[in-house]
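Below is one structure, written out as structure tokens, with a few remarks after it.
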Amino acid sequence: MYPTLEHGSVVFVWKGGYAISAKFFGTELLYTDPSINKLDLVLFVSQEDELVVKRVIGLPGEFYSIESGRVLIDSMELLENYLPKGTYTSEPSTSVFLNRHHSPFLAMDKQGRIPPGYYLLLGDNRQYSTDSRSFGLVPVEKIKGKVIFYF
């Protein structure tokens with residue numbers, strides 16, 4: 001996540017959410033909304049069962065496109081002031097994803113709509129980041145919390 005986070009950075013993660021309880025045909029359902037917003041840093045469990053921090057770039061229902069080194073969300077270029085000037089975002093390559101046959105992650109193309117319950121996560125060090133471009137869109141159940149403070 002360099003330049004935002006460096007090796008040895010300390011992060012504080014909010015693991016809570018807003019619980020919503022509802023009755024459906026006599027059965028009580030509990031839904032937890034983790035309040036994940038665009039550009040948040042989130043902690044999630046990778047395909048290798050490691051805790052990893054990446055940035056939320058696309059939310060469920062949004063249309064993404066990676067073209068000419070730029071990220072577009074719903075046809076609008078994403079303003080990424082946290083990246084060094086001239087940062088190039090390469091197109092997806094699902095090479096890591098293809099090694100996992102029963103992965104809950106969804107492979108992504110150069111463009112597409114993010115399905116319900118999935119997020120597009122990218123690292124800030126785009127040239128060297130292993131992120132959604134390689135392992136796919138991340139299911140919400142893999143997200144463990146939102147980074148609320150770091151140093």
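FYI, nothing fancy with the structure tokens labels: chains A, B, ... in order, residues from 1 per chain, ligands from 1 as they appear.
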Give the alpha helix (DSSP H) residues of chain A, as DSSP finds them on the backbone, and put them as an MDAnalysis selection string.
-> chainID A and resid 95:98 132:135
Can you tell me, as a list in words, what residues are no more than 10 Å from Ile36 (chain A) when counting only C-alpha atoms, ignoring any on the same chain fewer than 3 positions away?
->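 My list of contacting residues is Gly17, Asp33, Leu39, Asp40, Leu41, Val42, Val56, Leu59, Tyr119, Val140, Ile143, Gly145 and Lys146 of chain A.
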In region 32-145 of chain A, what's strand (DSSP E or B) per DSSP? Answer as a PyMOL selection string?
-> chain A and resi 32-33+41-45+51-58+63-67+70-73+76-77+106+111-113+118-122+137-139+143-145
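Of the listed residues (A:Ile66, A:Leu5, A:Leu79, A:Leu121), A:Ile66 comes nearest to Asp109 (chain A); the distances count only C-alpha atoms.
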A:Pro116, A:Pro92, A:Pro84, A:Gly69 ranked by distance to Asp131 (chain A), top pick (using only C-alpha atoms) |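 Ranking A:Pro116, A:Pro92, A:Pro84, A:Gly69 by distance to Asp131 (chain A), first place goes to A:Pro92.
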Atomic separation - CA of Glu91 (chain A) relative to CA of Ser103 (chain A), Å =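 Going from CA of Ser103 (chain A) over to CA of Glu91 (chain A) covers 20.6 Å.
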Nearby residues (only C-alpha atoms) at most 9 Å from Arg126 (chain A), same-chain spacing under 3 positions excluded, as a VMD selection string = chain A and resid 1 83 87 to 90 122 to 123 129 to 131
